[in-house]
>>> print(open('upload08.json').read())   # JSON, C-alpha atoms and all ligand atoms
[["chain", "number", "residue", "atom", "x", "y", "z"],
["A", 1, "MET", "CA", 31.35, -117.98, -88.66],
["A", 2, "ARG", "CA", 31.93, -120.06, -91.77],
["A", 3, "LYS", "CA", 35.47, -120.43, -93.04],
["A", 4, "LYS", "CA", 36.42, -119.66, -96.63],
["A", 5, "VAL", "CA", 37.25, -122.57, -98.88],
["A", 6, "ILE", "CA", 39.23, -121.98, -102.05],
["A", 7, "ALA", "CA", 39.32, -124.92, -104.43],
["A", 8, "GLY", "CA", 41.23, -125.03, -107.70],
["A", 9, "ASN", "CA", 39.72, -127.07, -110.50],
["A", 10, "TRP", "CA", 42.51, -127.94, -112.90],
["A", 11, "LYS", "CA", 40.11, -129.66, -115.33],
["A", 12, "MET", "CA", 42.06, -131.60, -118.03],
["A", 13, "ASN", "CA", 45.34, -129.77, -117.46],
["A", 14, "MET", "CA", 48.69, -130.37, -115.78],
["A", 15, "LEU", "CA", 51.02, -133.36, -116.17],
["A", 16, "PRO", "CA", 52.38, -134.96, -113.00],
["A", 17, "ASN", "CA", 55.69, -133.05, -113.12],
["A", 18, "GLU", "CA", 53.76, -129.78, -113.48],
["A", 19, "ALA", "CA", 51.46, -130.74, -110.62],
["A", 20, "ILE", "CA", 54.40, -131.52, -108.36],
["A", 21, "SER", "CA", 56.18, -128.23, -109.00],
["A", 22, "PHE", "CA", 52.94, -126.27, -108.62],
["A", 23, "ILE", "CA", 52.19, -127.84, -105.26],
["A", 24, "GLU", "CA", 55.79, -127.43, -104.08],
["A", 25, "GLY", "CA", 55.64, -123.76, -105.06],
["A", 26, "LEU", "CA", 52.25, -123.12, -103.52],
["A", 27, "SER", "CA", 52.69, -124.97, -100.26],
["A", 28, "ASN", "CA", 54.93, -122.53, -98.40],
["A", 29, "LYS", "CA", 53.03, -119.52, -99.76],
["A", 30, "VAL", "CA", 49.72, -120.71, -98.34],
["A", 31, "GLU", "CA", 51.08, -122.25, -95.18],
["A", 32, "ASN", "CA", 49.56, -119.57, -92.98],
["A", 33, "ALA", "CA", 46.49, -118.86, -95.08],
["A", 34, "LYS", "CA", 43.24, -118.48, -93.23],
["A", 35, "ALA", "CA", 41.25, -120.18, -95.97],
["A", 36, "GLU", "CA", 41.13, -123.89, -96.62],
["A", 37, "VAL", "CA", 43.01, -124.69, -99.84],
["A", 38, "ILE", "CA", 42.04, -127.58, -102.11],
["A", 39, "LEU", "CA", 43.34, -128.60, -105.53],
["A", 40, "CYS", "CA", 41.09, -130.83, -107.62],
["A", 41, "VAL", "CA", 43.43, -132.48, -110.06],
["A", 42, "PRO", "CA", 43.14, -135.00, -112.92],
["A", 43, "TYR", "CA", 43.15, -138.68, -111.88],
["A", 44, "THR", "CA", 46.67, -139.16, -113.29],
["A", 45, "ASP", "CA", 47.99, -136.43, -110.95],
["A", 46, "LEU", "CA", 46.23, -137.62, -107.80],
["A", 47, "PHE", "CA", 48.88, -139.87, -106.36],
["A", 48, "TYR", "CA", 51.78, -137.49, -107.10],
["A", 49, "SER", "CA", 49.79, -134.56, -105.75],
["A", 50, "LEU", "CA", 48.86, -136.39, -102.55],
["A", 51, "LEU", "CA", 52.50, -137.27, -101.90],
["A", 52, "THR", "CA", 53.70, -133.74, -102.62],
["A", 53, "ALA", "CA", 50.97, -132.16, -100.51],
["A", 54, "GLN", "CA", 51.67, -134.35, -97.48],
["A", 55, "ASN", "CA", 52.32, -132.24, -94.38],
["A", 56, "THR", "CA", 51.23, -129.06, -96.15],
["A", 57, "LYS", "CA", 48.03, -127.08, -95.89],
["A", 58, "ILE", "CA", 46.93, -128.15, -99.37],
["A", 59, "LYS", "CA", 44.21, -130.77, -99.63],
["A", 60, "ILE", "CA", 43.69, -132.84, -102.75],
["A", 61, "GLY", "CA", 40.45, -133.60, -104.54],
["A", 62, "ALA", "CA", 39.31, -135.44, -107.65],
["A", 63, "GLN", "CA", 37.03, -133.96, -110.32],
["A", 64, "ASN", "CA", 34.54, -136.79, -110.64],
["A", 65, "MET", "CA", 33.77, -140.32, -109.46],
["A", 66, "HIS", "CA", 31.38, -143.17, -110.18],
["A", 67, "TRP", "CA", 28.66, -144.03, -107.68],
["A", 68, "GLU", "CA", 29.26, -147.79, -107.75],
["A", 69, "GLU", "CA", 32.02, -149.27, -105.65],
["A", 70, "ASN", "CA", 33.42, -151.47, -108.41],
["A", 71, "GLY", "CA", 32.26, -153.42, -111.44],
["A", 72, "ALA", "CA", 32.09, -153.43, -115.21],
["A", 73, "TYR", "CA", 32.26, -149.68, -115.83],
["A", 74, "THR", "CA", 35.20, -149.28, -118.19],
["A", 75, "GLY", "CA", 37.09, -146.07, -117.70],
["A", 76, "GLU", "CA", 35.41, -145.11, -114.44],
["A", 77, "VAL", "CA", 36.92, -144.51, -111.00],
["A", 78, "SER", "CA", 34.98, -145.21, -107.79],
["A", 79, "GLY", "CA", 34.79, -143.39, -104.48],
["A", 80, "ALA", "CA", 36.38, -146.42, -102.81],
["A", 81, "MET", "CA", 39.35, -146.09, -105.16],
["A", 82, "LEU", "CA", 39.76, -142.39, -104.44],
["A", 83, "LYS", "CA", 39.54, -142.94, -100.71],
["A", 84, "SER", "CA", 42.06, -145.79, -100.83],
["A", 85, "ILE", "CA", 44.86, -143.44, -101.93],
["A", 86, "GLY", "CA", 43.94, -140.66, -99.52],
["A", 87, "VAL", "CA", 41.83, -138.28, -101.60],
["A", 88, "GLU", "CA", 39.62, -136.07, -99.40],
["A", 89, "TYR", "CA", 37.40, -134.10, -101.78],
["A", 90, "VAL", "CA", 35.60, -134.73, -105.03],
["A", 91, "ILE", "CA", 33.84, -132.34, -107.40],
["A", 92, "ILE", "CA", 30.44, -133.66, -108.41],
["A", 93, "GLY", "CA", 28.14, -132.44, -111.16],
["A", 94, "HIS", "CA", 30.38, -129.79, -112.68],
["A", 95, "SER", "CA", 28.48, -128.11, -115.52],
["A", 96, "GLU", "CA", 31.01, -129.46, -118.04],
["A", 97, "ARG", "CA", 30.14, -132.97, -116.89],
["A", 98, "ARG", "CA", 26.44, -132.22, -117.04],
["A", 99, "GLN", "CA", 26.86, -130.72, -120.52],
["A", 100, "TYR", "CA", 29.35, -133.08, -122.21],
["A", 101, "PHE", "CA", 29.01, -136.30, -120.23],
["A", 102, "ALA", "CA", 25.27, -136.51, -119.67],
["A", 103, "GLU", "CA", 25.32, -136.07, -115.89],
["A", 104, "THR", "CA", 21.86, -135.54, -114.52],
["A", 105, "ASP", "CA", 20.49, -134.45, -111.16],
["A", 106, "GLU", "CA", 19.88, -138.13, -110.51],
["A", 107, "THR", "CA", 23.47, -139.24, -111.16],
["A", 108, "VAL", "CA", 24.73, -136.25, -109.18],
["A", 109, "ASN", "CA", 22.64, -137.37, -106.21],
["A", 110, "LYS", "CA", 23.91, -140.96, -106.50],
["A", 111, "LYS", "CA", 27.49, -139.72, -106.59],
["A", 112, "VAL", "CA", 27.03, -137.41, -103.60],
["A", 113, "LYS", "CA", 25.64, -140.31, -101.57],
["A", 114, "ALA", "CA", 28.49, -142.57, -102.68],
["A", 115, "ALA", "CA", 31.02, -139.86, -101.77],
["A", 116, "PHE", "CA", 29.73, -139.79, -98.20],
["A", 117, "LYS", "CA", 29.70, -143.56, -98.07],
["A", 118, "HIS", "CA", 33.43, -143.47, -98.75],
["A", 119, "GLU", "CA", 34.09, -140.51, -96.46],
["A", 120, "LEU", "CA", 34.89, -138.12, -99.28],
["A", 121, "LYS", "CA", 33.68, -134.52, -99.09],
["A", 122, "PRO", "CA", 31.69, -133.58, -102.17],
["A", 123, "ILE", "CA", 31.89, -130.20, -103.87],
["A", 124, "VAL", "CA", 28.58, -130.12, -105.70],
["A", 125, "CYS", "CA", 28.20, -127.71, -108.61],
["A", 126, "VAL", "CA", 24.95, -125.99, -109.52],
["A", 127, "GLY", "CA", 24.28, -123.13, -111.90],
["A", 128, "GLU", "CA", 22.01, -121.73, -114.55],
["A", 129, "THR", "CA", 22.62, -121.05, -118.25],
["A", 130, "LEU", "CA", 22.37, -117.54, -119.67],
["A", 131, "GLU", "CA", 19.10, -118.48, -121.36],
["A", 132, "GLN", "CA", 17.62, -119.63, -118.06],
["A", 133, "ARG", "CA", 18.82, -116.47, -116.31],
["A", 134, "GLU", "CA", 17.33, -114.24, -118.98],
["A", 135, "ALA", "CA", 14.04, -116.12, -118.77],
["A", 136, "GLY", "CA", 13.93, -115.34, -115.03],
["A", 137, "LYS", "CA", 14.38, -118.99, -114.10],
["A", 138, "ALA", "CA", 17.78, -118.86, -112.37],
["A", 139, "GLU", "CA", 16.45, -119.23, -108.83],
["A", 140, "GLU", "CA", 14.20, -122.12, -109.73],
["A", 141, "ILE", "CA", 17.02, -123.94, -111.56],
["A", 142, "ILE", "CA", 19.66, -123.56, -108.87],
["A", 143, "THR", "CA", 17.39, -124.36, -105.94],
["A", 144, "THR", "CA", 16.00, -127.41, -107.73],
["A", 145, "GLN", "CA", 19.50, -128.65, -108.62],
["A", 146, "THR", "CA", 20.49, -128.16, -104.99],
["A", 147, "SER", "CA", 17.55, -129.99, -103.48],
["A", 148, "LEU", "CA", 17.86, -132.91, -105.92],
["A", 149, "ALA", "CA", 21.61, -133.21, -105.31],
["A", 150, "LEU", "CA", 21.06, -133.37, -101.54],
["A", 151, "GLU", "CA", 18.00, -135.62, -101.57],
["A", 152, "GLY", "CA", 18.15, -138.42, -99.00],
["A", 153, "LEU", "CA", 21.19, -137.06, -97.14],
["A", 154, "THR", "CA", 21.27, -136.68, -93.37],
["A", 155, "LYS", "CA", 21.52, -133.20, -91.89],
["A", 156, "LEU", "CA", 25.12, -133.87, -90.94],
["A", 157, "GLU", "CA", 25.94, -134.87, -94.51],
["A", 158, "VAL", "CA", 24.29, -131.73, -95.85],
["A", 159, "GLU", "CA", 26.36, -129.65, -93.41],
["A", 160, "ASN", "CA", 29.48, -131.28, -94.76],
["A", 161, "THR", "CA", 28.64, -130.76, -98.41],
["A", 162, "ILE", "CA", 30.33, -127.89, -100.21],
["A", 163, "ILE", "CA", 28.13, -126.32, -102.84],
["A", 164, "ALA", "CA", 29.68, -124.38, -105.70],
["A", 165, "TYR", "CA", 27.33, -121.94, -107.37],
["A", 166, "GLU", "CA", 28.70, -121.56, -110.88],
["A", 167, "PRO", "CA", 26.55, -119.69, -113.39],
["A", 168, "ILE", "CA", 27.38, -121.46, -116.65],
["A", 169, "TRP", "CA", 27.64, -118.21, -118.58],
["A", 170, "ALA", "CA", 30.48, -117.11, -116.30],
["A", 171, "ILE", "CA", 32.65, -120.23, -116.60],
["A", 172, "GLY", "CA", 35.79, -119.69, -118.65],
["A", 173, "THR", "CA", 34.23, -116.67, -120.35],
["A", 174, "GLY", "CA", 35.89, -113.88, -118.41],
["A", 175, "LYS", "CA", 32.40, -112.74, -117.34],
["A", 176, "THR", "CA", 31.95, -112.85, -113.59],
["A", 177, "ALA", "CA", 28.59, -112.42, -111.96],
["A", 178, "THR", "CA", 28.64, -109.17, -109.97],
["A", 179, "SER", "CA", 29.39, -109.87, -106.35],
["A", 180, "GLU", "CA", 25.88, -108.71, -105.52],
["A", 181, "ASP", "CA", 24.24, -111.08, -108.03],
["A", 182, "ALA", "CA", 26.44, -113.99, -106.98],
["A", 183, "ASN", "CA", 25.71, -113.30, -103.32],
["A", 184, "ASN", "CA", 21.97, -113.14, -104.02],
["A", 185, "SER", "CA", 21.96, -116.46, -105.84],
["A", 186, "ILE", "CA", 23.94, -118.03, -103.03],
["A", 187, "LYS", "CA", 21.44, -116.64, -100.52],
["A", 188, "GLN", "CA", 18.65, -118.29, -102.52],
["A", 189, "ILE", "CA", 20.48, -121.61, -102.31],
["A", 190, "ARG", "CA", 21.05, -121.17, -98.57],
["A", 191, "ASN", "CA", 17.40, -120.32, -98.13],
["A", 192, "LYS", "CA", 16.37, -123.51, -99.91],
["A", 193, "ILE", "CA", 18.64, -125.51, -97.60],
["A", 194, "LYS", "CA", 17.03, -123.74, -94.66],
["A", 195, "GLN", "CA", 13.56, -124.73, -95.87],
["A", 196, "LEU", "CA", 14.65, -128.35, -96.26],
["A", 197, "TYR", "CA", 17.07, -128.89, -93.40],
["A", 198, "GLY", "CA", 16.63, -125.99, -91.00],
["A", 199, "GLU", "CA", 18.42, -122.78, -90.12],
["A", 200, "GLU", "CA", 21.32, -124.35, -88.26],
["A", 201, "VAL", "CA", 22.33, -126.55, -91.21],
["A", 202, "ALA", "CA", 21.87, -123.69, -93.68],
["A", 203, "GLN", "CA", 24.18, -121.46, -91.66],
["A", 204, "LYS", "CA", 26.91, -124.09, -91.66],
["A", 205, "VAL", "CA", 26.95, -125.10, -95.32],
["A", 206, "ILE", "CA", 29.88, -123.72, -97.31],
["A", 207, "ILE", "CA", 28.65, -122.23, -100.59],
["A", 208, "GLN", "CA", 31.33, -121.12, -103.02],
["A", 209, "TYR", "CA", 31.08, -118.98, -106.10],
["A", 210, "GLY", "CA", 32.72, -120.11, -109.35],
["A", 211, "GLY", "CA", 33.02, -118.59, -112.80],
["A", 212, "SER", "CA", 36.00, -116.49, -113.93],
["A", 213, "VAL", "CA", 37.24, -115.86, -110.40],
["A", 214, "LYS", "CA", 40.63, -114.15, -110.49],
["A", 215, "ALA", "CA", 42.87, -112.17, -108.15],
["A", 216, "SER", "CA", 41.31, -108.91, -109.33],
["A", 217, "ASN", "CA", 37.73, -109.84, -108.36],
["A", 218, "SER", "CA", 38.08, -112.39, -105.56],
["A", 219, "LYS", "CA", 38.35, -109.98, -102.63],
["A", 220, "GLU", "CA", 35.11, -108.24, -103.53],
["A", 221, "LEU", "CA", 33.33, -111.58, -103.88],
["A", 222, "PHE", "CA", 34.67, -112.80, -100.53],
["A", 223, "GLU", "CA", 33.54, -109.66, -98.71],
["A", 224, "THR", "CA", 29.88, -110.42, -99.30],
["A", 225, "SER", "CA", 27.67, -111.96, -96.63],
["A", 226, "ASP", "CA", 27.15, -115.41, -98.11],
["A", 227, "ILE", "CA", 29.99, -116.29, -100.51],
["A", 228, "ASP", "CA", 32.23, -118.72, -98.64],
["A", 229, "GLY", "CA", 35.09, -118.99, -101.10],
["A", 230, "ALA", "CA", 35.54, -120.00, -104.69],
["A", 231, "LEU", "CA", 35.87, -122.84, -107.15],
["A", 232, "VAL", "CA", 38.56, -121.55, -109.49],
["A", 233, "GLY", "CA", 39.22, -122.94, -112.96],
["A", 234, "GLY", "CA", 41.59, -121.06, -115.28],
["A", 235, "ALA", "CA", 43.19, -118.94, -112.57],
["A", 236, "SER", "CA", 44.06, -122.03, -110.51],
["A", 237, "LEU", "CA", 46.59, -123.04, -113.18],
["A", 238, "LYS", "CA", 48.68, -119.94, -112.47],
["A", 239, "LEU", "CA", 50.57, -120.20, -109.23],
["A", 240, "GLU", "CA", 50.86, -116.50, -108.40],
["A", 241, "GLU", "CA", 47.29, -115.74, -109.36],
["A", 242, "PHE", "CA", 45.92, -118.62, -107.33],
["A", 243, "GLU", "CA", 48.02, -117.70, -104.33],
["A", 244, "LYS", "CA", 46.65, -114.15, -104.50],
["A", 245, "ILE", "CA", 43.10, -115.49, -104.58],
["A", 246, "VAL", "CA", 43.84, -117.58, -101.47],
["A", 247, "SER", "CA", 45.30, -114.62, -99.62],
["A", 248, "SER", "CA", 42.41, -112.37, -100.59],
["A", 249, "ALA", "CA", 40.22, -114.69, -98.52],
["A", 250, "GLY", "CA", 41.97, -113.50, -95.39],
["A", 251, "LYS", "CA", 45.39, -113.18, -93.86],
["A", 252, "PRO", "CA", 46.10, -115.21, -90.76],
["A", 253, "CYS", "CA", 45.14, -113.56, -87.50],
["A", 301, "LIG", "P1", 36.78, -120.65, -114.57],
["A", 301, "LIG", "O1", 36.15, -122.09, -114.26],
["A", 301, "LIG", "O2", 37.32, -120.12, -113.28],
["A", 301, "LIG", "O3", 37.84, -120.91, -115.59],
["A", 301, "LIG", "O4", 35.66, -119.80, -115.11],
["A", 301, "LIG", "C1", 35.48, -122.35, -113.06],
["A", 301, "LIG", "C2", 35.00, -123.77, -113.05],
["A", 301, "LIG", "O5", 34.60, -124.29, -114.11],
["A", 301, "LIG", "O6", 34.98, -124.44, -112.00]]
>>> encode(input="upload08.json", output="structure tokens")
Amino acid sequence: MRKKVIAGNWKMNMLPNEAISFIEGLSNKVENAKAEVILCVPYTDLFYSLLTAQNTKIKIGAQNMHWEENGAYTGEVSGAMLKSIGVEYVIIGHSERRQYFAETDETVNKKVKAAFKHELKPIVCVGETLEQREAGKAEEIITTQTSLALEGLTKLEVENTIIAYEPIWAIGTGKTATSEDANNSIKQIRNKIKQLYGEEVAQKVIIQYGGSVKASNSKELFETSDIDGALVGGASLKLEEFEKIVSSAGKPC
């Protein structure tokens, strides 16, 4: 059985002192959680967050990285740099990066490969716009984004990739996909992975749902057959709310 993975995406929020008190507050509350807990924080919070999260259940991730190891790329941060301070996860291809920072399926693929090269676990985001959904193209969009993101990876790497299905129309809007719709889309993604990499790999890949996940809807989402957790934006900035989302993914046995 796949475990549940709950990842917070703080986006461009939280100063280091806020990050430290959040992590201190969260760590004992999630100590016995069944789900894996990750916080993807801004670059400026990474080091403080890693220190504060030491010896706790909370893992720390970044929200982006460059695919090159080093070089003349002003303002960029490489996978090697993230790894050097102890970062474990990295979000790749979030829709906000695709939309505002010109990320393409090609750059997403390069970043995923570079993440594995530096032993970082990528959380790869895919998702359709409302227009694409209404035109009946959602499945085609999300399965294509998935296969292009994973192109050239080994089966083992695919198994270790976390995919976050985030319909763009549900991000930060308060609109959540129904648990049935979200589960169906995630099944389509899993099916694509099965076609490309086989049943065993497809059954192991963690596929999260993201888009206005909150404490009031998380349990229902997590009870479906294929949703393996969540990538949480707004609600991950509120300690109590985020803690409730983590516990809704299962109490310890
Ligand atoms: P949201 O964001 O939970 O605020 O909708 C999710 C995300 O963008 O990852």
>>> closest_residue(input="upload08.json", among="A:Ser216, A:Thr178, A:Asn9, A:Gln145", to="ligand LIG 301 (chain A)", atoms="only C-alpha atoms and all ligand atoms")
A:Asn9
>>> residues_around(input="upload08.json", residues="Ile38 (chain A)", least_positions_apart="5", cutoff="6 Å", atoms="only C-alpha atoms", output="PyMOL selection string")
chain A and resi 7+58-60
>>> residues_around(input="upload08.json", residues="Gly233 (chain A)", least_positions_apart="5", cutoff="12 Å", atoms="all atoms listed in the file", output="ChimeraX atom specification")
/A:6-13,39-41,63,94,96,166,170-174,209-214,238,241-242,245
>>> closest_residue(input="upload08.json", among="A:Thr161, A:Asn184, A:Thr143, A:Ala235", to="Val205 (chain A)", atoms="only C-alpha atoms")
A:Thr161
>>> closest_residue(input="upload08.json", among="A:Gly234, A:Gly71, A:Gly229, A:Gly250", to="ligand LIG 301 (chain A)", atoms="all atoms listed in the file")
A:Gly234
>>> atom_distance(input="upload08.json", atom1="CA of Ser95 (chain A)", atom2="CA of Cys125 (chain A)")
6.9 Å
>>> closest_residue(input="upload08.json", among="A:Ile163, A:Ala80, A:Leu26, A:Leu148", to="Lys204 (chain A)", atoms="all atoms listed in the file")
A:Ile163
>>> atom_distance(input="upload08.json", atom1="CA of Asn217 (chain A)", atom2="CA of Val5 (chain A)")
15.9 Å
>>> closest_residue(input="upload08.json", among="A:Lys4, A:Trp67, A:Gly86, A:Tyr43", to="Gln208 (chain A)", atoms="all atoms listed in the file")
A:Lys4
>>> axis_aligned_box(input="upload08.json", around="ligand LIG 301 (chain A)", padding_each_side="5 Å", output="AutoDock Vina command-line options")
--center_x 36.2 --center_y -122.1 --center_z -113.8 --size_x 13.2 --size_y 14.6 --size_z 13.6
>>> closest_residue(input="upload08.json", among="A:Thr176, A:Ile193, A:Glu243, A:Leu50", to="ligand LIG 301 (chain A)", atoms="all atoms listed in the file")
A:Thr176
>>> atom_distance(input="upload08.json", atom1="CA of Lys83 (chain A)", atom2="CA of Ile123 (chain A)")
15.2 Å
>>> residues_around(input="upload08.json", residues="Ile189 (chain A)", least_positions_apart="6", cutoff="10 Å", atoms="only C-alpha atoms", output="list in words")
Val126, Glu139, Glu140, Ile142, Thr143, Thr144, Gln145, Thr146, Ser147, Ile163, Tyr165, Asn183, Gln195, Ala202 and Ile207 of chain A
>>> residues_around(input="upload08.json", residues="Pro122 (chain A)", least_positions_apart="6", cutoff="8 Å", atoms="all atoms listed in the file", output="count of residues only")
9
>>> residues_around(input="upload08.json", residues="Ser179 (chain A)", least_positions_apart="3", cutoff="8 Å", atoms="all atoms listed in the file", output="PyMOL selection string")
chain A and resi 182-183+220-221+224
>>> build_atoms(input="upload08.json", residues="region 214-231 of chain A", atoms="N, CA, C and O atoms", output="short mmCIF file (atom, residue, chain, number, x, y, z; two decimals), in the coordinates of the input")
data_model
loop_
_atom_site.label_atom_id
_atom_site.label_comp_id
_atom_site.auth_asym_id
_atom_site.auth_seq_id
_atom_site.Cartn_x
_atom_site.Cartn_y
_atom_site.Cartn_z
N LYS A 214 39.21 -114.45 -110.36
CA LYS A 214 40.63 -114.15 -110.49
C LYS A 214 41.05 -113.25 -109.33
O LYS A 214 40.20 -112.81 -108.54
N ALA A 215 42.36 -112.97 -109.28
CA ALA A 215 42.87 -112.17 -108.15
C ALA A 215 42.23 -110.79 -108.12
O ALA A 215 42.07 -110.20 -107.05
N SER A 216 41.85 -110.28 -109.29
CA SER A 216 41.31 -108.91 -109.33
C SER A 216 39.85 -108.83 -108.87
O SER A 216 39.34 -107.75 -108.61
N ASN A 217 39.14 -109.94 -108.81
CA ASN A 217 37.73 -109.84 -108.36
C ASN A 217 37.43 -110.67 -107.11
O ASN A 217 36.34 -110.59 -106.55
N SER A 218 38.40 -111.46 -106.65
CA SER A 218 38.08 -112.39 -105.56
C SER A 218 37.77 -111.68 -104.24
O SER A 218 36.84 -112.07 -103.54
N LYS A 219 38.54 -110.63 -103.93
CA LYS A 219 38.35 -109.98 -102.63
C LYS A 219 36.92 -109.45 -102.49
O LYS A 219 36.26 -109.66 -101.48
N GLU A 220 36.46 -108.81 -103.57
CA GLU A 220 35.11 -108.24 -103.53
C GLU A 220 34.06 -109.35 -103.35
O GLU A 220 33.10 -109.19 -102.58
N LEU A 221 34.27 -110.47 -104.03
CA LEU A 221 33.33 -111.58 -103.88
C LEU A 221 33.34 -112.10 -102.43
O LEU A 221 32.28 -112.36 -101.85
N PHE A 222 34.54 -112.21 -101.86
CA PHE A 222 34.67 -112.80 -100.53
C PHE A 222 34.17 -111.87 -99.41
O PHE A 222 33.99 -112.30 -98.28
N GLU A 223 34.01 -110.60 -99.74
CA GLU A 223 33.54 -109.66 -98.71
C GLU A 223 32.02 -109.66 -98.54
O GLU A 223 31.49 -108.98 -97.68
N THR A 224 31.34 -110.39 -99.39
CA THR A 224 29.88 -110.42 -99.30
C THR A 224 29.45 -111.29 -98.11
O THR A 224 30.26 -112.00 -97.53
N SER A 225 28.15 -111.26 -97.83
CA SER A 225 27.67 -111.96 -96.63
C SER A 225 27.66 -113.48 -96.77
O SER A 225 27.85 -114.21 -95.81
N ASP A 226 27.44 -113.98 -97.99
CA ASP A 226 27.15 -115.41 -98.11
C ASP A 226 28.12 -116.22 -98.97
O ASP A 226 28.00 -117.44 -99.04
N ILE A 227 29.05 -115.55 -99.65
CA ILE A 227 29.99 -116.29 -100.51
C ILE A 227 31.15 -116.80 -99.65
O ILE A 227 31.90 -116.02 -99.08
N ASP A 228 31.26 -118.12 -99.57
CA ASP A 228 32.23 -118.72 -98.64
C ASP A 228 33.49 -119.21 -99.33
O ASP A 228 34.08 -120.21 -98.92
N GLY A 229 33.88 -118.55 -100.41
CA GLY A 229 35.09 -118.99 -101.10
C GLY A 229 34.81 -119.18 -102.57
O GLY A 229 33.79 -118.68 -103.08
N ALA A 230 35.69 -119.90 -103.24
CA ALA A 230 35.54 -120.00 -104.69
C ALA A 230 36.00 -121.35 -105.23
O ALA A 230 36.86 -122.00 -104.65
N LEU A 231 35.38 -121.73 -106.35
CA LEU A 231 35.87 -122.84 -107.15
C LEU A 231 36.49 -122.17 -108.37
O LEU A 231 35.80 -121.48 -109.13
#
